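A.B. asks: mmCIF, C-alpha atoms, saved as run.cif, coming up:
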```cif
data_my_file
#
loop_
_atom_site.group_PDB
_atom_site.id
_atom_site.type_symbol
_atom_site.label_atom_id
_atom_site.label_comp_id
_atom_site.auth_asym_id
_atom_site.auth_seq_id
_atom_site.Cartn_x
_atom_site.Cartn_y
_atom_site.Cartn_z
ATOM 1 C CA MET A 1 8.107 99.035 34.199
ATOM 2 C CA SER A 2 8.653 102.585 33.192
ATOM 3 C CA VAL A 3 12.176 103.926 33.174
ATOM 4 C CA SER A 4 12.339 106.635 35.765
ATOM 5 C CA GLY A 5 15.129 109.060 36.438
ATOM 6 C CA GLU A 6 15.871 107.300 39.693
ATOM 7 C CA LEU A 7 16.472 104.053 37.833
ATOM 8 C CA ILE A 8 18.799 105.691 35.326
ATOM 9 C CA ALA A 9 20.741 107.361 38.117
ATOM 10 C CA PHE A 10 20.987 104.072 39.986
ATOM 11 C CA PHE A 11 22.328 102.184 36.990
ATOM 12 C CA GLY A 12 24.849 104.881 36.185
ATOM 13 C CA LEU A 13 26.142 105.028 39.727
ATOM 14 C CA ALA A 14 26.207 101.253 40.089
ATOM 15 C CA LEU A 15 28.119 100.945 36.827
ATOM 16 C CA VAL A 16 30.744 103.446 37.965
ATOM 17 C CA ALA A 17 31.018 101.749 41.361
ATOM 18 C CA ILE A 18 31.537 98.283 39.910
ATOM 19 C CA LEU A 19 33.897 99.655 37.251
ATOM 20 C CA GLY A 20 36.029 101.203 39.975
ATOM 21 C CA GLY A 21 36.135 97.897 41.820
ATOM 22 C CA VAL A 22 37.090 95.980 38.675
ATOM 23 C CA LEU A 23 39.822 98.505 37.954
ATOM 24 C CA LEU A 24 41.081 98.000 41.503
ATOM 25 C CA ILE A 25 41.501 94.326 40.687
ATOM 26 C CA THR A 26 42.983 94.680 37.222
ATOM 27 C CA LEU A 27 45.240 97.752 37.334
ATOM 28 C CA THR A 28 48.898 97.098 38.018
ATOM 29 C CA LYS A 29 50.141 100.344 39.543
ATOM 30 C CA VAL A 30 49.297 100.808 43.192
ATOM 31 C CA VAL A 31 48.494 104.525 43.028
ATOM 32 C CA HIS A 32 46.144 103.937 40.102
ATOM 33 C CA MET A 33 44.258 101.337 42.146
ATOM 34 C CA VAL A 34 43.616 103.865 44.901
ATOM 35 C CA ILE A 35 42.472 106.490 42.405
ATOM 36 C CA ALA A 36 40.110 103.939 40.832
ATOM 37 C CA LEU A 37 38.619 103.284 44.237
ATOM 38 C CA VAL A 38 37.868 106.995 44.709
ATOM 39 C CA PHE A 39 35.331 106.680 41.896
ATOM 40 C CA THR A 40 33.722 103.761 43.683
ATOM 41 C CA PHE A 41 33.476 105.723 46.918
ATOM 42 C CA LEU A 42 31.994 108.756 45.188
ATOM 43 C CA SER A 43 29.347 106.737 43.386
ATOM 44 C CA ILE A 44 28.467 104.958 46.626
ATOM 45 C CA ALA A 45 27.828 108.438 48.030
ATOM 46 C CA GLY A 46 25.466 108.986 45.106
ATOM 47 C CA ILE A 47 23.704 105.729 45.957
ATOM 48 C CA TYR A 48 23.198 107.028 49.493
ATOM 49 C CA LEU A 49 21.618 110.172 48.059
ATOM 50 C CA LEU A 50 19.183 107.988 46.117
ATOM 51 C CA LEU A 51 18.307 106.226 49.370
ATOM 52 C CA SER A 52 17.524 109.621 50.967
ATOM 53 C CA ALA A 53 20.506 109.507 53.289
ATOM 54 C CA GLU A 54 22.019 112.905 52.595
ATOM 55 C CA PHE A 55 24.082 113.137 55.745
ATOM 56 C CA VAL A 56 25.620 109.704 55.264
ATOM 57 C CA ALA A 57 26.441 110.636 51.670
ATOM 58 C CA ILE A 58 28.314 113.755 52.753
ATOM 59 C CA VAL A 59 30.128 111.796 55.456
ATOM 60 C CA GLN A 60 31.039 109.178 52.862
ATOM 61 C CA ILE A 61 32.587 111.807 50.604
ATOM 62 C CA LEU A 62 34.449 113.451 53.476
ATOM 63 C CA ILE A 63 35.740 110.330 55.201
ATOM 64 C CA TYR A 64 36.280 107.888 52.353
ATOM 65 C CA SER A 65 37.161 109.881 49.277
ATOM 66 C CA GLY A 66 38.819 112.514 51.425
ATOM 67 C CA ALA A 67 40.478 111.144 54.501
ATOM 68 C CA ILE A 68 40.973 107.430 53.952
ATOM 69 C CA THR A 69 42.189 107.810 50.373
ATOM 70 C CA ILE A 70 44.748 110.435 51.383
ATOM 71 C CA VAL A 71 45.905 108.298 54.312
ATOM 72 C CA MET A 72 46.302 105.329 51.977
ATOM 73 C CA LEU A 73 48.229 107.438 49.465
ATOM 74 C CA PHE A 74 50.560 108.537 52.252
ATOM 75 C CA GLY A 75 50.961 104.909 53.231
ATOM 76 C CA ILE A 76 51.980 104.097 49.663
ATOM 77 C CA MET A 77 54.381 107.027 49.451
ATOM 78 C CA LEU A 78 56.051 106.347 52.802
ATOM 79 C CA THR A 79 56.724 102.704 52.028
ATOM 80 C CA LYS A 80 59.008 101.787 49.214
ATOM 81 C CA HIS A 81 57.257 99.246 47.115
ATOM 82 C CA ARG A 82 57.731 97.765 43.740
ATOM 83 C CA GLU A 83 55.817 99.981 41.358
ATOM 84 C CA ASN A 84 53.863 97.100 39.921
ATOM 85 C CA ASP A 85 52.077 94.822 42.297
ATOM 86 C CA GLU A 86 52.415 91.587 40.416
ATOM 87 C CA PRO A 87 50.408 88.625 41.597
ATOM 88 C CA ALA A 88 52.695 85.731 42.418
ATOM 89 C CA LYS A 89 50.247 83.191 43.735
ATOM 90 C CA GLY A 90 49.835 80.104 41.625
ATOM 91 C CA GLY A 91 47.200 79.947 38.947
ATOM 92 C CA TRP A 92 45.431 77.064 40.639
ATOM 93 C CA GLN A 93 45.186 78.909 43.905
ATOM 94 C CA ARG A 94 43.645 81.939 42.229
ATOM 95 C CA PHE A 95 41.283 79.749 40.243
ATOM 96 C CA PHE A 96 39.963 77.990 43.325
ATOM 97 C CA LEU A 97 39.681 81.315 45.145
ATOM 98 C CA LEU A 98 37.642 82.711 42.272
ATOM 99 C CA LEU A 99 35.487 79.593 42.333
ATOM 100 C CA ALA A 100 34.881 79.918 46.063
ATOM 101 C CA ILE A 101 33.958 83.598 45.783
ATOM 102 C CA ALA A 102 31.641 82.839 42.867
ATOM 103 C CA GLY A 103 29.982 80.134 44.957
ATOM 104 C CA PHE A 104 29.532 82.592 47.805
ATOM 105 C CA ALA A 105 28.072 85.168 45.423
ATOM 106 C CA VAL A 106 25.607 82.673 43.937
ATOM 107 C CA ALA A 107 24.541 81.490 47.400
ATOM 108 C CA VAL A 108 23.826 85.023 48.577
ATOM 109 C CA TYR A 109 22.190 85.956 45.267
ATOM 110 C CA LEU A 110 19.750 83.046 45.535
ATOM 111 C CA GLY A 111 18.737 84.448 48.895
ATOM 112 C CA ILE A 112 18.147 88.013 47.776
ATOM 113 C CA TYR A 113 17.132 88.034 44.133
ATOM 114 C CA ASN A 114 13.417 87.814 44.708
ATOM 115 C CA LEU A 115 13.308 89.501 48.065
ATOM 116 C CA ASP A 116 10.089 91.462 47.927
ATOM 117 C CA ILE A 117 9.330 93.764 50.785
ATOM 118 C CA PRO A 118 6.444 96.161 50.212
ATOM 119 C CA VAL A 119 7.773 99.691 50.044
ATOM 120 C CA GLN A 120 6.417 101.867 52.784
ATOM 121 C CA PRO A 121 6.392 105.631 52.653
ATOM 122 C CA THR A 122 9.111 107.094 54.798
ATOM 123 C CA ALA A 123 10.010 110.508 56.076
ATOM 124 C CA LEU A 124 13.730 109.934 55.976
ATOM 125 C CA HIS A 125 14.387 112.747 53.529
ATOM 126 C CA GLU A 126 12.722 115.416 55.667
ATOM 127 C CA GLU A 127 15.390 117.063 57.788
ATOM 128 C CA ASN A 128 17.610 114.020 57.533
ATOM 129 C CA THR A 129 20.473 115.448 59.568
ATOM 130 C CA LYS A 130 18.163 116.587 62.358
ATOM 131 C CA GLN A 131 16.624 113.137 62.590
ATOM 132 C CA ILE A 132 20.045 111.514 62.800
ATOM 133 C CA GLY A 133 21.152 113.962 65.452
ATOM 134 C CA ILE A 134 18.077 113.432 67.609
ATOM 135 C CA GLU A 135 18.395 109.660 67.350
ATOM 136 C CA LEU A 136 22.139 109.706 67.972
ATOM 137 C CA PHE A 137 21.939 111.790 71.118
ATOM 138 C CA SER A 138 18.830 110.200 72.636
ATOM 139 C CA LYS A 139 18.610 106.526 71.788
ATOM 140 C CA TYR A 140 22.199 105.763 70.807
ATOM 141 C CA VAL A 141 24.079 108.058 73.141
ATOM 142 C CA ILE A 142 25.997 105.216 74.830
ATOM 143 C CA PRO A 143 27.284 103.700 71.571
ATOM 144 C CA PHE A 144 28.197 107.235 70.560
ATOM 145 C CA GLU A 145 30.279 107.753 73.693
ATOM 146 C CA VAL A 146 31.893 104.320 73.325
ATOM 147 C CA MET A 147 32.761 105.304 69.765
ATOM 148 C CA SER A 148 34.555 108.412 70.994
ATOM 149 C CA VAL A 149 36.597 106.289 73.411
ATOM 150 C CA LEU A 150 37.408 103.912 70.563
ATOM 151 C CA LEU A 151 38.577 106.770 68.369
ATOM 152 C CA LEU A 152 40.816 108.010 71.171
ATOM 153 C CA VAL A 153 42.281 104.526 71.633
ATOM 154 C CA ALA A 154 42.876 104.212 67.892
ATOM 155 C CA LEU A 155 44.572 107.633 67.836
ATOM 156 C CA VAL A 156 46.883 106.782 70.720
ATOM 157 C CA GLY A 157 47.568 103.315 69.330
ATOM 158 C CA ALA A 158 48.398 104.634 65.867
ATOM 159 C CA ILE A 159 50.801 107.225 67.277
ATOM 160 C CA VAL A 160 52.517 104.679 69.540
ATOM 161 C CA LEU A 161 52.856 102.156 66.718
ATOM 162 C CA ALA A 162 54.123 104.597 64.108
ATOM 163 C CA LYS A 163 56.473 106.498 66.435
ATOM 164 C CA LYS A 164 60.160 106.046 65.745
ATOM 165 C CA ASP A 165 61.702 104.256 68.706
ATOM 166 C CA ASP A 166 65.332 105.306 68.231
ATOM 167 C CA GLU A 167 66.211 105.977 71.871
ATOM 168 C CA GLU A 168 64.776 102.619 72.816
ATOM 169 C CA GLY A 169 67.046 100.973 70.274
ATOM 170 C CA ASP A 170 70.066 102.762 71.722
ATOM 171 C CA ARG A 171 69.268 101.653 75.222
ATOM 172 C CA SER A 172 69.016 97.984 74.480
ATOM 173 C CA MET B 1 5.861 105.045 42.113
ATOM 174 C CA THR B 2 8.391 102.806 40.430
ATOM 175 C CA GLY B 3 11.514 103.157 42.465
ATOM 176 C CA VAL B 4 14.574 100.999 42.386
ATOM 177 C CA PRO B 5 13.786 97.675 44.099
ATOM 178 C CA LEU B 6 15.577 96.666 47.267
ATOM 179 C CA SER B 7 17.192 93.647 45.626
ATOM 180 C CA ALA B 8 19.019 95.892 43.126
ATOM 181 C CA TYR B 9 20.801 97.636 45.983
ATOM 182 C CA LEU B 10 21.542 94.310 47.640
ATOM 183 C CA VAL B 11 23.003 92.869 44.420
ATOM 184 C CA LEU B 12 25.193 95.955 43.973
ATOM 185 C CA ALA B 13 26.451 95.541 47.529
ATOM 186 C CA LEU B 14 27.078 91.833 46.905
ATOM 187 C CA VAL B 15 29.137 92.540 43.784
ATOM 188 C CA LEU B 16 31.214 95.173 45.573
ATOM 189 C CA PHE B 17 31.723 92.828 48.529
ATOM 190 C CA CYS B 18 32.930 90.026 46.266
ATOM 191 C CA ILE B 19 35.337 92.363 44.468
ATOM 192 C CA GLY B 20 36.697 93.500 47.820
ATOM 193 C CA LEU B 21 37.017 89.917 49.046
ATOM 194 C CA TYR B 22 38.900 88.882 45.923
ATOM 195 C CA GLY B 23 41.202 91.873 46.199
ATOM 196 C CA ALA B 24 41.896 91.273 49.885
ATOM 197 C CA LEU B 25 42.780 87.634 49.269
ATOM 198 C CA THR B 26 44.878 87.940 46.113
ATOM 199 C CA LYS B 27 46.701 91.271 46.264
ATOM 200 C CA ARG B 28 50.196 91.233 47.707
ATOM 201 C CA ASN B 29 50.637 94.885 48.626
ATOM 202 C CA ALA B 30 49.412 95.383 52.180
ATOM 203 C CA VAL B 31 48.020 98.860 51.428
ATOM 204 C CA ILE B 32 45.815 97.418 48.694
ATOM 205 C CA VAL B 33 44.652 94.673 51.049
ATOM 206 C CA LEU B 34 43.628 97.342 53.562
ATOM 207 C CA ILE B 35 41.769 99.334 50.944
ATOM 208 C CA SER B 36 39.957 96.196 49.734
ATOM 209 C CA ILE B 37 38.739 95.713 53.285
ATOM 210 C CA GLU B 38 37.417 99.276 53.166
ATOM 211 C CA LEU B 39 35.507 98.338 50.017
ATOM 212 C CA MET B 40 33.906 95.384 51.809
ATOM 213 C CA LEU B 41 32.877 97.630 54.706
ATOM 214 C CA ASN B 42 31.346 100.025 52.190
ATOM 215 C CA ALA B 43 29.291 97.226 50.698
ATOM 216 C CA ALA B 44 27.942 96.442 54.157
ATOM 217 C CA ASN B 45 27.100 100.130 54.577
ATOM 218 C CA ILE B 46 25.053 100.105 51.371
ATOM 219 C CA ASN B 47 23.015 97.256 52.827
ATOM 220 C CA LEU B 48 22.431 99.149 56.063
ATOM 221 C CA VAL B 49 21.256 102.304 54.307
ATOM 222 C CA ALA B 50 19.130 100.346 51.807
ATOM 223 C CA PHE B 51 17.315 98.500 54.571
ATOM 224 C CA SER B 52 16.873 101.747 56.459
ATOM 225 C CA LYS B 53 14.713 103.022 53.616
ATOM 226 C CA LEU B 54 13.267 99.926 51.944
ATOM 227 C CA GLY B 55 13.240 97.399 54.774
ATOM 228 C CA VAL B 56 10.296 95.969 56.665
ATOM 229 C CA THR B 57 10.271 98.737 59.230
ATOM 230 C CA PRO B 58 11.910 101.796 57.693
ATOM 231 C CA SER B 59 13.628 103.983 60.239
ATOM 232 C CA ILE B 60 16.661 106.199 60.650
ATOM 233 C CA THR B 61 18.508 103.534 62.672
ATOM 234 C CA GLY B 62 20.225 102.060 59.630
ATOM 235 C CA GLN B 63 21.770 105.391 58.761
ATOM 236 C CA VAL B 64 22.950 105.909 62.338
ATOM 237 C CA PHE B 65 24.609 102.517 62.342
ATOM 238 C CA SER B 66 26.233 103.126 58.992
ATOM 239 C CA LEU B 67 27.803 106.210 60.556
ATOM 240 C CA PHE B 68 29.148 104.006 63.350
ATOM 241 C CA THR B 69 30.552 101.602 60.765
ATOM 242 C CA ILE B 70 32.273 104.440 58.919
ATOM 243 C CA THR B 71 33.895 105.510 62.194
ATOM 244 C CA ILE B 72 35.121 101.979 62.872
ATOM 245 C CA ALA B 73 36.484 101.756 59.327
ATOM 246 C CA ALA B 74 38.398 105.002 59.712
ATOM 247 C CA ALA B 75 39.938 103.861 62.997
ATOM 248 C CA GLU B 76 40.811 100.512 61.431
ATOM 249 C CA ALA B 77 42.513 102.180 58.471
ATOM 250 C CA ALA B 78 44.584 104.399 60.767
ATOM 251 C CA VAL B 79 45.711 101.560 63.027
ATOM 252 C CA GLY B 80 46.341 99.257 60.076
ATOM 253 C CA LEU B 81 48.566 101.797 58.388
ATOM 254 C CA ALA B 82 50.424 102.448 61.644
ATOM 255 C CA ILE B 83 51.114 98.713 61.964
ATOM 256 C CA LEU B 84 52.241 98.711 58.343
ATOM 257 C CA MET B 85 54.646 101.599 58.998
ATOM 258 C CA SER B 86 56.267 99.938 61.977
ATOM 259 C CA LEU B 87 56.461 96.648 60.087
ATOM 260 C CA TYR B 88 58.056 98.427 57.151
ATOM 261 C CA ARG B 89 60.682 99.972 59.416
ATOM 262 C CA ASN B 90 61.644 96.566 60.734
ATOM 263 C CA ARG B 91 61.350 94.373 57.659
ATOM 264 C CA LYS B 92 61.614 96.818 54.703
ATOM 265 C CA THR B 93 58.686 95.232 52.928
ATOM 266 C CA VAL B 94 54.969 95.771 52.392
ATOM 267 C CA ASN B 95 54.484 92.409 50.727
ATOM 268 C CA VAL B 96 52.008 90.300 52.646
ATOM 269 C CA ASP B 97 53.725 87.078 51.558
ATOM 270 C CA GLU B 98 56.901 88.130 53.362
ATOM 271 C CA MET B 99 55.149 89.134 56.583
ATOM 272 C CA ASP B 100 55.523 85.720 58.168
ATOM 273 C CA ILE B 101 57.845 86.392 61.075
ATOM 274 C CA MET B 102 55.349 85.106 63.651
ATOM 275 C CA LYS B 103 54.741 81.932 61.708
ATOM 276 C CA HIS B 104 58.004 80.138 62.471
#
```
Kindly return the structure encoded in the file as structure tokens.

C.D. replies:
Amino acid sequence: MSVSGELIAFFGLALVAILGGVLLITLTKVVHMVIALVFTFLSIAGIYLLLSAEFVAIVQILIYSGAITIVMLFGIMLTKHRENDEPAKGGWQRFFLLLAIAGFAVAVYLGIYNLDIPVQPTALHEENTKQIGIELFSKYVIPFEVMSVLLLVALVGAIVLAKKDDEEGDRS
Amino acid sequence: MTGVPLSAYLVLALVLFCIGLYGALTKRNAVIVLISIELMLNAANINLVAFSKLGVTPSITGQVFSLFTITIAAAEAAVGLAILMSLYRNRKTVNVDEMDIMKH
């Protein structure tokens, strides 16, 4: 198997992604964990580029490494927390949890490691955004509209939940 | 044409999912738990996009659905943080071990 540029790019991106995840687990400061996860999100965007999904890659960068990370950082800053997030669960509990997750990983890996689907030529990379737009507004227009309603509900719900209810407290 | 095989993408997604699962179950800061859930959703997205190119019937549908998943994840993060804020105002903690007021 010849080493192609695609393969090298994939291994580099996968390494950075997994490294970011491992740092999320091992780092002790909360802000550092979020910064480590930004690397994971960015390299996942690179993986999308390899899979000829340019639009999804851009959306990934905008939404995840932009919006969600900033929202999470604000969540950290607005709540007073102990600087170091020390694990307090017992060693046995963590050990069995690790064992269970390893069992899950092995079970799924046995299912996928020799999955061999013949690669078919695709036209996904030709005018990717146009294809997504046509599909989204013809075939999936109802899920799209439901999604807009869901976003509105989430917006209203987030504002109602996070609003200070001082006057209510005075009344009661 | 020697591209990256489908199983490589699936294994990457599996590893990221397991890291996210471990983080969501062991971390005590609620913000980190939320962000671990985002990592798990991302792993699912990788699967969707990988199957959209290398699956049995390649089509754009996988990418469209990964966009839907990203939208759901963003809404979930916003609502989760709003719940966290209101909880923090009432209990002065973001530690998931101390969020047990509905348990008793």

A.B. asks: For the PyMOL selection byres ((chain B) within 6 of (chain A)), applied here, can you spell out every residue it catches as a ChimeraX atom specification?

C.D. replies: /B:4,7,54,75,79,82,85-86

A.B. asks: Which residue is closest to Leu27 of chain A? Choose from B:Val11, B:Ile32, B:Ala24, B:Met99 and count all atoms listed in the file.

C.D. replies: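 Of B:Val11, B:Ile32, B:Ala24, B:Met99, the one nearest Leu27 of chain A, counting all atoms listed in the file, is B:Ile32.
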
A.B. asks: Using all atoms listed in the file, which of the listed residues (B:Thr69, B:Leu81, B:Val64, B:Ile35) sits closest to Val94 of chain B?

C.D. replies: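 Closest candidate: B:Leu81.
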
A.B. asks: If you measure from atom CA of Tyr9 of chain B to atom CA of Leu13 of chain A, what distance in Å do you get, rounded to one decimal?

C.D. replies: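 Computing the Euclidean distance for atom CA of Tyr9 of chain B and atom CA of Leu13 of chain A yields 11.1 Å.
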
A.B. asks: Of the candidates A:Leu23, A:Val16, A:Ile70, A:Val146, which shows the shortest atom-to-atom distance to Leu42 of chain A, using all atoms listed in the file?

C.D. replies: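 Under the stated criterion, the closest residue is A:Val16.
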
A.B. asks: Skip Glu38 of chain B itself and residues of its chain fewer than 6 positions away, then list as a ChimeraX atom specification all residues within 8 Å of it, counting only C-alpha atoms.

C.D. replies: /B:20,73,77
